[in-house]
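Novice: Here it is, the structure in full.
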Amino acid sequence: MPTLDWIGKDKVINHHKDVPYKVLERKYSFDESGMHKEDIHSNNMIIHGDNLEALKSLLPQYEGKIKCIYIDPPYNTGNEGWIYNDNVNDPKIRKWLGEVVGKVGEDLSRHDKWLCMMYPRLVLLQKLLADDGAIFISIDDNEQAFLKCVCDEIFGARNFVAQLVWQRTFATKNDAKYFSSEHEYILVYAAEIEKLKIKALPKSEKQLERYKNPDNDPRGPWISTDLLRMEHRDNSVYEVPTPQGKLYKPQPGTSWRHPKEEMMALIKNNEVWFGANGNSKPRRKKFLADVKSGIIPQTIWKHVDVGHTQEAKQQLKKILDASTDFFATPKPVRLINQILRIICDDGDIVLDSFAGSATTAHAVMQSDLKLSYIMIEVEDYADTITAERVKRVIDGYGEGKNAVDGTGGNFSYYELGSPLFLKDGTFNNDIDTAEIRKYIWYTETNGLEYAENEQEKYYLGSHNDTAYYFYYEKDKATILDYSFLATVNVKNQAYIIYADSCALSDIDLQKWNITFKKIPRDIEHI
C-alpha cells in the first residue's frame with residue numbers, strides 16, 4: 001500500500017507512547033438544578049486541555065469503547081483570524097513541535113506541521129474506537145488528500161467507508177478567484193469494516209407527503225404503484241374488470257405482476273385502486289405503514305437535509321447571546337444528528353476531541369437515543385463557550401416566541417492534572433492513591449467500571465475469577481509475605497497482587513495461584 005512521507009514523520013509515528021498519562025481532575029458538575037462541587041457521577045465529560053494528553057488519559061477506561069468519534073480539526077487554511085487558530089503556527093503546536101520534532105521542526109512546511117500534529121492524535125483515536133465503531137472527520141481541500149493517506153495508514157485502507165460531501169453553504173460566493181467552493185468533506189473509517197453497521201435514515205416529511213388517502217382507507221395513507229411488468233408471462237395475461245365494468249388487459253409484451261387468483265384476492269381486500277371514478281386502469285395500493293422506514297445514506301449530504309454553516313452561526317449566536325464569528329465554519333446540529341442516527345444505538349459513547357462550540361454535545365442531547373458524550377477542548381473558552389453552550393441547552397435558552405426548551409441532562413467538567421508517573425517511571429507522590437488504584441484496575445480489566453471497595457484496604461476488586469490487590473503505601477515499602485496473606489479475606493480462584501517486593505517462594509505463589517507484580521516496574525505504561 002502506498003504511504004505518505006513528510007518531514008518529521010519518523011519523530012511522531014510513535015509519539016503517542018511518550019505522551020504522559022495525566023489524571024483528570026473534576027472541577028465541577030452540572031445538571032438542571034445548577035452547578036455542583038460534589039461528584040454527581042455523570043457519564044458526560046467536558047475536558048479542558050491538550051487533546052493529545054486528554055486522549056491518552058482516557059485510554060485506561062475507554063480504550064475500545066467509543067462507538068462514534070466525530071472531529072472537526074483545524075483545516076490548515078492559513079487563516080489566523082479566529083480564537084480557534086486554524087493554522088499550525090499556533091503557539092501550542094509550535095511548542096509541541098519544538099519538543100517532539102526538534103530542530104527539524106523549524107524547517108517544516110505548513111502541511112508537514114499539520115501532519116505532525118494530527119498523526120499521534122489519530123493513533124490514539126483509533127485505539128479508543130470500538131470494534132463496531134466509526135470515526136467521522138470533517139476536512140476541506142487543503143488537507144483532504146493528505147488526511148486520506150494518513151487515515152489509510154492508521155485505520156487501514158480496507159476500513160475506509162466513504163468520503164461524504166457536505167454542501168456547507170446555501171449561497172454561492174461571487175468573490176472566488178477560480179471556483180466558488182460550496183462543499184467540505186467528511187472522511188469515514190471503521191475500526192473493523194466487517195463489524196460496522198450503517199443504519200438507514202428515516203424518510204423525510206417531504207418524501208412522505210405524497211402518501212394520501214383519497215378513499216379514506218382505514219389502514220391509513222397510501223400511494224399507487226403500477227401493476228404491470230414489462231415482460232410477457234402466460235399465467236399473468238388476463239382481463240381485469242373495474243367496479244364500473246370496464247375491462248383492462250395487458251398490452252402485447254407485458255403482463256400483470258400477479259397471477260389471476262392473487263389479483264382477484266387483492267381486489268377483494270381493497271388493495272387495488274381504480275381511480276376516483278372507479279373506472280381507471282388498476283394500480284396497487286402501497287400503504288405508508290408497510291413502506292420501509294429508512295433509506296440508505298448517500299455520500300452527498302445537502303444543506304436542506306443536514307444544515308449549513310450560516311444556520312450553525314445563527315444557532316450559536318442565539319444560544320450564547322453574543323457574536324461567535326471566530327468560529328468560521330461551525331457545524332450545524334443537524335449534520336451531527338445525521339451521523340448519530342446512522343451509527344449509534346442506545347448506550348453508546350460519542351467523542352469529539354476538537355469540541356469547539358460543543359455542537360456534538362448539543363446533537364447528543366437532542367438525540368432520541370440514550371447516548372453519552374466526551375468533549376475535549378484545548379482553548380481557554382472550554383468553560384465559557386464549550387461548557388456554557390451545554391449548560392444553556394440543558395436549561396433552555398431564548399425568550400418569548402424564540403424560547404427553546406431545555407433538554408435536561410448533566411455533565412462534569414475536568415482539567416488535565418499532573419502526570420501519574422515521573423520521567424524515571426516512579427509514581428508522582430502528588431497524585432492521590434485513589435487515582436493510582438483506578439489506573440491499575442482499568443489497565444488490568446480493560447476499562448471495567450471501577451468502584452472504590454471498602455471490603456479490604458488494598459483490595460481493588462474481582463474480575464474473571466481473579467482478585468486484584470494493590471498493596472501500596474506512599475511513605476514505606478510493602479512486602480508480599482505471610483503477614484499480608486493473612487489479611488486477604490476474598491476467596492477466588494486466582495490472585496494478582498502488586499507490592500514493592502515479594503518474600504514468598506515460587507512454590508508458595510503457585511500453591512495459592514498468586515501472580516506477583518512489582519511496583520512500579522510491572523505496572524503497565526499505556
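We name chains A, B, ... following the order of the C-alpha cells; residues begin at 1 in each chain, and ligands are numbered from 1 as shown.
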Identify, on the basis of only C-alpha atoms, every residue whose closest approach to Ala499 of chain A does not exceed 7 Å; exclude the query and any residue fewer than 4 positions from it along the same chain; express the result as a ChimeraX atom specification.

Specialist: /A:470-472,478-480,517-519

Novice: Please, could you write that set of residues out with N, CA and C atoms as an mmCIF file, in the first residue's frame?

Specialist:
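Final file, part_19.cif:
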```
data_model
loop_
_atom_site.group_PDB
_atom_site.id
_atom_site.type_symbol
_atom_site.label_atom_id
_atom_site.label_comp_id
_atom_site.auth_asym_id
_atom_site.auth_seq_id
_atom_site.Cartn_x
_atom_site.Cartn_y
_atom_site.Cartn_z
ATOM 1 N N PHE A 470 -3.744 -4.135 45.382
ATOM 2 C CA PHE A 470 -2.691 -3.143 45.177
ATOM 3 C C PHE A 470 -2.155 -2.760 46.560
ATOM 4 N N TYR A 471 -1.095 -3.440 46.983
ATOM 5 C CA TYR A 471 -0.517 -3.261 48.316
ATOM 6 C C TYR A 471 0.534 -2.166 48.222
ATOM 7 N N TYR A 472 0.080 -0.935 48.469
ATOM 8 C CA TYR A 472 0.939 0.228 48.239
ATOM 9 C C TYR A 472 0.764 1.243 49.349
ATOM 10 N N THR A 478 6.360 -1.934 50.717
ATOM 11 C CA THR A 478 5.421 -3.004 51.060
ATOM 12 C C THR A 478 5.987 -4.341 50.602
ATOM 13 N N ILE A 479 5.699 -5.392 51.374
ATOM 14 C CA ILE A 479 6.236 -6.726 51.089
ATOM 15 C C ILE A 479 5.088 -7.729 51.053
ATOM 16 N N LEU A 480 5.003 -8.475 49.967
ATOM 17 C CA LEU A 480 4.050 -9.572 49.878
ATOM 18 C C LEU A 480 4.636 -10.752 50.649
ATOM 19 N N LYS A 517 3.218 -8.813 41.117
ATOM 20 C CA LYS A 517 3.668 -7.749 40.223
ATOM 21 C C LYS A 517 4.353 -6.674 41.051
ATOM 22 N N LYS A 518 5.561 -6.348 40.622
ATOM 23 C CA LYS A 518 6.382 -5.408 41.381
ATOM 24 C C LYS A 518 6.001 -3.972 41.058
ATOM 25 N N ILE A 519 5.891 -3.158 42.111
ATOM 26 C CA ILE A 519 5.634 -1.725 41.962
ATOM 27 C C ILE A 519 6.988 -1.003 41.874
#
```

Novice: Counting only C-alpha atoms, which residues of segment 338-441 of chain A sit at most 10 Å from some atom of segment 27-35 of chain A, and what is each one's closest atom pair with its distance in Å to one decimal, listed by chain and rising residue number, as a Markdown table?

Specialist:
```
| residue | atom | partner | partner_atom | distance |
| --- | --- | --- | --- | --- |
| A:Ala387 | CA | A:Phe30 | CA | 9.6 |
| A:Val390 | CA | A:Phe30 | CA | 9.5 |
| A:Lys391 | CA | A:Phe30 | CA | 7.4 |
| A:Arg392 | CA | A:Glu32 | CA | 9.8 |
| A:Ile394 | CA | A:Glu32 | CA | 6.5 |
| A:Asp395 | CA | A:Glu32 | CA | 6.1 |
| A:Gly396 | CA | A:Glu32 | CA | 9.7 |
| A:Gly406 | CA | A:Glu32 | CA | 8.7 |
| A:Thr407 | CA | A:Glu32 | CA | 9.2 |
| A:Gly408 | CA | A:Glu32 | CA | 5.9 |
| A:Gly409 | CA | A:Asp31 | CA | 5.8 |
| A:Asn410 | CA | A:Asp31 | CA | 4.2 |
| A:Phe411 | CA | A:Phe30 | CA | 5.5 |
| A:Ser412 | CA | A:Ser29 | CA | 4.1 |
| A:Tyr413 | CA | A:Tyr28 | CA | 5.5 |
| A:Tyr414 | CA | A:Lys27 | CA | 5.5 |
| A:Glu415 | CA | A:Lys27 | CA | 6.9 |
```

Novice: Could those selected residues go to a file with C-alpha atoms, as a compact mmCIF listing (two decimals), in the first residue's frame?

Specialist:
```
# COMPACT_ATOMS: atom_id res chain seq x y z
CA ALA A 387 -19.37 24.10 28.54
CA VAL A 390 -24.08 22.73 27.02
CA LYS A 391 -25.41 24.38 30.19
CA ARG A 392 -27.82 26.52 28.18
CA ILE A 394 -29.69 21.70 29.32
CA ASP A 395 -31.59 24.63 30.87
CA GLY A 396 -33.17 26.11 27.73
CA GLY A 406 -34.06 22.68 27.77
CA THR A 407 -33.15 19.08 27.05
CA GLY A 408 -32.20 18.34 30.64
CA GLY A 409 -29.14 16.23 31.35
CA ASN A 410 -25.82 16.65 33.12
CA PHE A 411 -22.05 16.66 32.71
CA SER A 412 -18.83 17.02 34.67
CA TYR A 413 -16.08 19.48 33.77
CA TYR A 414 -12.45 18.38 34.02
CA GLU A 415 -8.98 19.88 33.77
```

Novice: Run DSSP on the backbone and give me the residues of segment 76-321 of chain A it puts in strand (DSSP E or B), as a PyMOL selection string.

Specialist: chain A and resi 129-139+160-167+183-190+201-202+212+222-226+228-229+240-241+247-248+255-256+272-273+283-287+294-295+300-301

Novice: Atom CA of Lys246 of chain A to atom CA of Val272 of chain A: how many Å, to one decimal?

Specialist: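 These two atoms are separated by 14.7 Å.
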
Novice: Using only C-alpha atoms, which residue out of A:Pro74, A:Glu63, A:Pro243, A:Leu460 lies closest to Lys268 of chain A?

Specialist: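 Smallest distance to Lys268 of chain A is found for A:Pro243.
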
Novice: So the first atom is atom CA of Asp346 of chain A and the second is atom CA of Tyr373 of chain A; what is the distance between them in Å, to one decimal place?

Specialist: 12.3 Å

Novice: If we count only C-alpha atoms, what is near Thr384 of chain A at a cut-off of 12 Å, once residues fewer than 2 positions away on the same chain are taken out, given as a PyMOL selection string?

Specialist: chain A and resi 46+48+320+322+324+356-358+377+379-382+386-392+413

Novice: I need the chosen residues saved as a PDB file, in the first residue's frame, with N, CA and C atoms.

Specialist:
```
ATOM      1  N   ILE A  46     -16.744  17.034  29.853  1.00  0.00           N
ATOM      2  CA  ILE A  46     -16.114  18.106  29.077  1.00  0.00           C
ATOM      3  C   ILE A  46     -14.734  18.307  29.679  1.00  0.00           C
ATOM      4  N   HIS A  48     -11.000  20.188  29.578  1.00  0.00           N
ATOM      5  CA  HIS A  48     -10.183  21.294  29.098  1.00  0.00           C
ATOM      6  C   HIS A  48      -8.722  20.875  29.147  1.00  0.00           C
ATOM      7  N   LEU A 320     -25.798  31.602  22.733  1.00  0.00           N
ATOM      8  CA  LEU A 320     -24.832  32.284  23.589  1.00  0.00           C
ATOM      9  C   LEU A 320     -25.069  33.785  23.708  1.00  0.00           C
ATOM     10  N   ALA A 322     -24.410  36.207  21.863  1.00  0.00           N
ATOM     11  CA  ALA A 322     -23.231  37.007  21.517  1.00  0.00           C
ATOM     12  C   ALA A 322     -22.712  36.582  20.161  1.00  0.00           C
ATOM     13  N   THR A 324     -20.187  35.060  17.638  1.00  0.00           N
ATOM     14  CA  THR A 324     -19.184  33.984  17.715  1.00  0.00           C
ATOM     15  C   THR A 324     -18.519  33.846  16.354  1.00  0.00           C
ATOM     16  N   GLY A 356     -14.638  22.575  20.211  1.00  0.00           N
ATOM     17  CA  GLY A 356     -15.048  23.901  19.754  1.00  0.00           C
ATOM     18  C   GLY A 356     -16.260  24.412  20.506  1.00  0.00           C
ATOM     19  N   SER A 357     -17.331  24.682  19.787  1.00  0.00           N
ATOM     20  CA  SER A 357     -18.542  25.246  20.385  1.00  0.00           C
ATOM     21  C   SER A 357     -19.519  24.180  20.867  1.00  0.00           C
ATOM     22  N   ALA A 358     -19.071  22.935  20.954  1.00  0.00           N
ATOM     23  CA  ALA A 358     -19.870  21.834  21.539  1.00  0.00           C
ATOM     24  C   ALA A 358     -21.088  21.449  20.718  1.00  0.00           C
ATOM     25  N   GLU A 377     -11.528  20.144  24.634  1.00  0.00           N
ATOM     26  CA  GLU A 377     -11.219  21.430  24.014  1.00  0.00           C
ATOM     27  C   GLU A 377      -9.974  22.019  24.664  1.00  0.00           C
ATOM     28  N   GLU A 379      -8.629  25.144  23.978  1.00  0.00           N
ATOM     29  CA  GLU A 379      -8.610  26.598  24.125  1.00  0.00           C
ATOM     30  C   GLU A 379      -9.212  27.052  25.460  1.00  0.00           C
ATOM     31  N   ASP A 380      -8.908  28.298  25.821  1.00  0.00           N
ATOM     32  CA  ASP A 380      -9.352  28.830  27.101  1.00  0.00           C
ATOM     33  C   ASP A 380     -10.864  29.008  27.181  1.00  0.00           C
ATOM     34  N   TYR A 381     -11.559  28.956  26.056  1.00  0.00           N
ATOM     35  CA  TYR A 381     -13.007  29.091  26.085  1.00  0.00           C
ATOM     36  C   TYR A 381     -13.718  27.762  26.361  1.00  0.00           C
ATOM     37  N   ALA A 382     -12.973  26.751  26.775  1.00  0.00           N
ATOM     38  CA  ALA A 382     -13.596  25.455  27.059  1.00  0.00           C
ATOM     39  C   ALA A 382     -14.729  25.589  28.076  1.00  0.00           C
ATOM     40  N   THR A 386     -17.630  26.319  25.280  1.00  0.00           N
ATOM     41  CA  THR A 386     -17.939  24.896  25.102  1.00  0.00           C
ATOM     42  C   THR A 386     -18.902  24.420  26.180  1.00  0.00           C
ATOM     43  N   ALA A 387     -18.507  24.558  27.445  1.00  0.00           N
ATOM     44  CA  ALA A 387     -19.369  24.100  28.539  1.00  0.00           C
ATOM     45  C   ALA A 387     -20.597  24.986  28.692  1.00  0.00           C
ATOM     46  N   GLU A 388     -20.435  26.293  28.446  1.00  0.00           N
ATOM     47  CA  GLU A 388     -21.556  27.218  28.608  1.00  0.00           C
ATOM     48  C   GLU A 388     -22.694  26.878  27.645  1.00  0.00           C
ATOM     49  N   ARG A 389     -22.349  26.525  26.418  1.00  0.00           N
ATOM     50  CA  ARG A 389     -23.403  26.138  25.474  1.00  0.00           C
ATOM     51  C   ARG A 389     -24.154  24.919  25.994  1.00  0.00           C
ATOM     52  N   VAL A 390     -23.435  23.944  26.512  1.00  0.00           N
ATOM     53  CA  VAL A 390     -24.079  22.732  27.017  1.00  0.00           C
ATOM     54  C   VAL A 390     -25.009  23.073  28.182  1.00  0.00           C
ATOM     55  N   LYS A 391     -24.565  23.971  29.065  1.00  0.00           N
ATOM     56  CA  LYS A 391     -25.414  24.381  30.191  1.00  0.00           C
ATOM     57  C   LYS A 391     -26.721  24.985  29.697  1.00  0.00           C
ATOM     58  N   ARG A 392     -26.622  25.837  28.675  1.00  0.00           N
ATOM     59  CA  ARG A 392     -27.823  26.523  28.177  1.00  0.00           C
ATOM     60  C   ARG A 392     -28.743  25.574  27.426  1.00  0.00           C
ATOM     61  N   TYR A 413     -17.132  18.711  34.443  1.00  0.00           N
ATOM     62  CA  TYR A 413     -16.083  19.482  33.770  1.00  0.00           C
ATOM     63  C   TYR A 413     -14.739  19.140  34.399  1.00  0.00           C
TER      64      TYR A 413
END
```

Novice: To test your reading of the structure, identify every residue in segment 255-287 of chain A that backbone DSSP assigns to alpha helix (DSSP H), and report it as a PyMOL selection string.

Specialist: chain A and resi 260-268

Novice: Check the smallest atom-to-atom distance from each of A:Ala200, A:Val488, A:Leu115, A:Ile339 to Lys11 of chain A using only C-alpha atoms, then report the winner.

Specialist: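 Closest to Lys11 of chain A, using only C-alpha atoms: A:Leu115.
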
Novice: Please list as an NGL selection string every residue within 8 Å of segment 416-428 of chain A, counting only C-alpha atoms and excluding residues in the same chain fewer than 6 positions away.

Specialist: :A and (20-25 or 47-49 or 53-54 or 436 or 520-521)

Novice: Please dump the current selection as a CSV table (one decimal), in the first residue's frame; keep N, CA and C atoms.

Specialist:
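File written: selection20.csv
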```
chain,number,residue,atom,x,y,z
A,20,PRO,N,2.6,11.7,28.4
A,20,PRO,CA,2.3,11.2,29.8
A,20,PRO,C,0.9,11.0,30.1
A,21,TYR,N,0.6,10.0,30.9
A,21,TYR,CA,-0.7,9.8,31.4
A,21,TYR,C,-1.0,10.8,32.5
A,22,LYS,N,-1.9,11.7,32.3
A,22,LYS,CA,-2.3,12.7,33.3
A,22,LYS,C,-3.7,12.4,33.9
A,23,VAL,N,-3.7,12.7,35.2
A,23,VAL,CA,-5.0,12.5,35.9
A,23,VAL,C,-6.0,13.5,35.5
A,24,LEU,N,-7.3,13.1,35.3
A,24,LEU,CA,-8.3,14.1,35.0
A,24,LEU,C,-8.9,14.6,36.3
A,25,GLU,N,-8.9,15.9,36.5
A,25,GLU,CA,-9.3,16.5,37.8
A,25,GLU,C,-10.7,17.1,37.6
A,47,ILE,N,-13.7,18.1,28.9
A,47,ILE,CA,-12.3,18.2,29.3
A,47,ILE,C,-11.6,19.4,28.7
A,48,HIS,N,-11.0,20.2,29.6
A,48,HIS,CA,-10.2,21.3,29.1
A,48,HIS,C,-8.7,20.9,29.1
A,49,GLY,N,-8.1,20.9,28.0
A,49,GLY,CA,-6.7,20.5,27.9
A,49,GLY,C,-6.3,20.1,26.6
A,53,GLU,N,-2.9,14.9,25.2
A,53,GLU,CA,-2.8,14.4,26.5
A,53,GLU,C,-4.2,13.9,27.1
A,54,ALA,N,-5.2,14.6,26.7
A,54,ALA,CA,-6.5,14.2,27.2
A,54,ALA,C,-6.9,12.8,26.7
A,436,ILE,N,-4.3,6.2,41.5
A,436,ILE,CA,-3.4,5.1,41.1
A,436,ILE,C,-4.2,3.8,41.1
A,520,PRO,N,7.2,-0.1,40.9
A,520,PRO,CA,6.3,0.2,39.8
A,520,PRO,C,6.6,-0.5,38.5
A,521,ARG,N,7.7,-1.4,38.5
A,521,ARG,CA,8.2,-2.0,37.3
A,521,ARG,C,7.1,-2.7,36.5
```

Novice: Quick one: everything within 9 Å of Ile296 of chain A, counting only C-alpha atoms, minus sequence neighbours fewer than 6 positions away in the same chain. Send it as number ranges by chain.

Specialist: A: 198-201

Novice: Please, what distance in Å, to one decimal, runs between atom CA of Thr515 of chain A and atom CA of Ala494 of chain A?

Specialist: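 The value is 8.0 Å.
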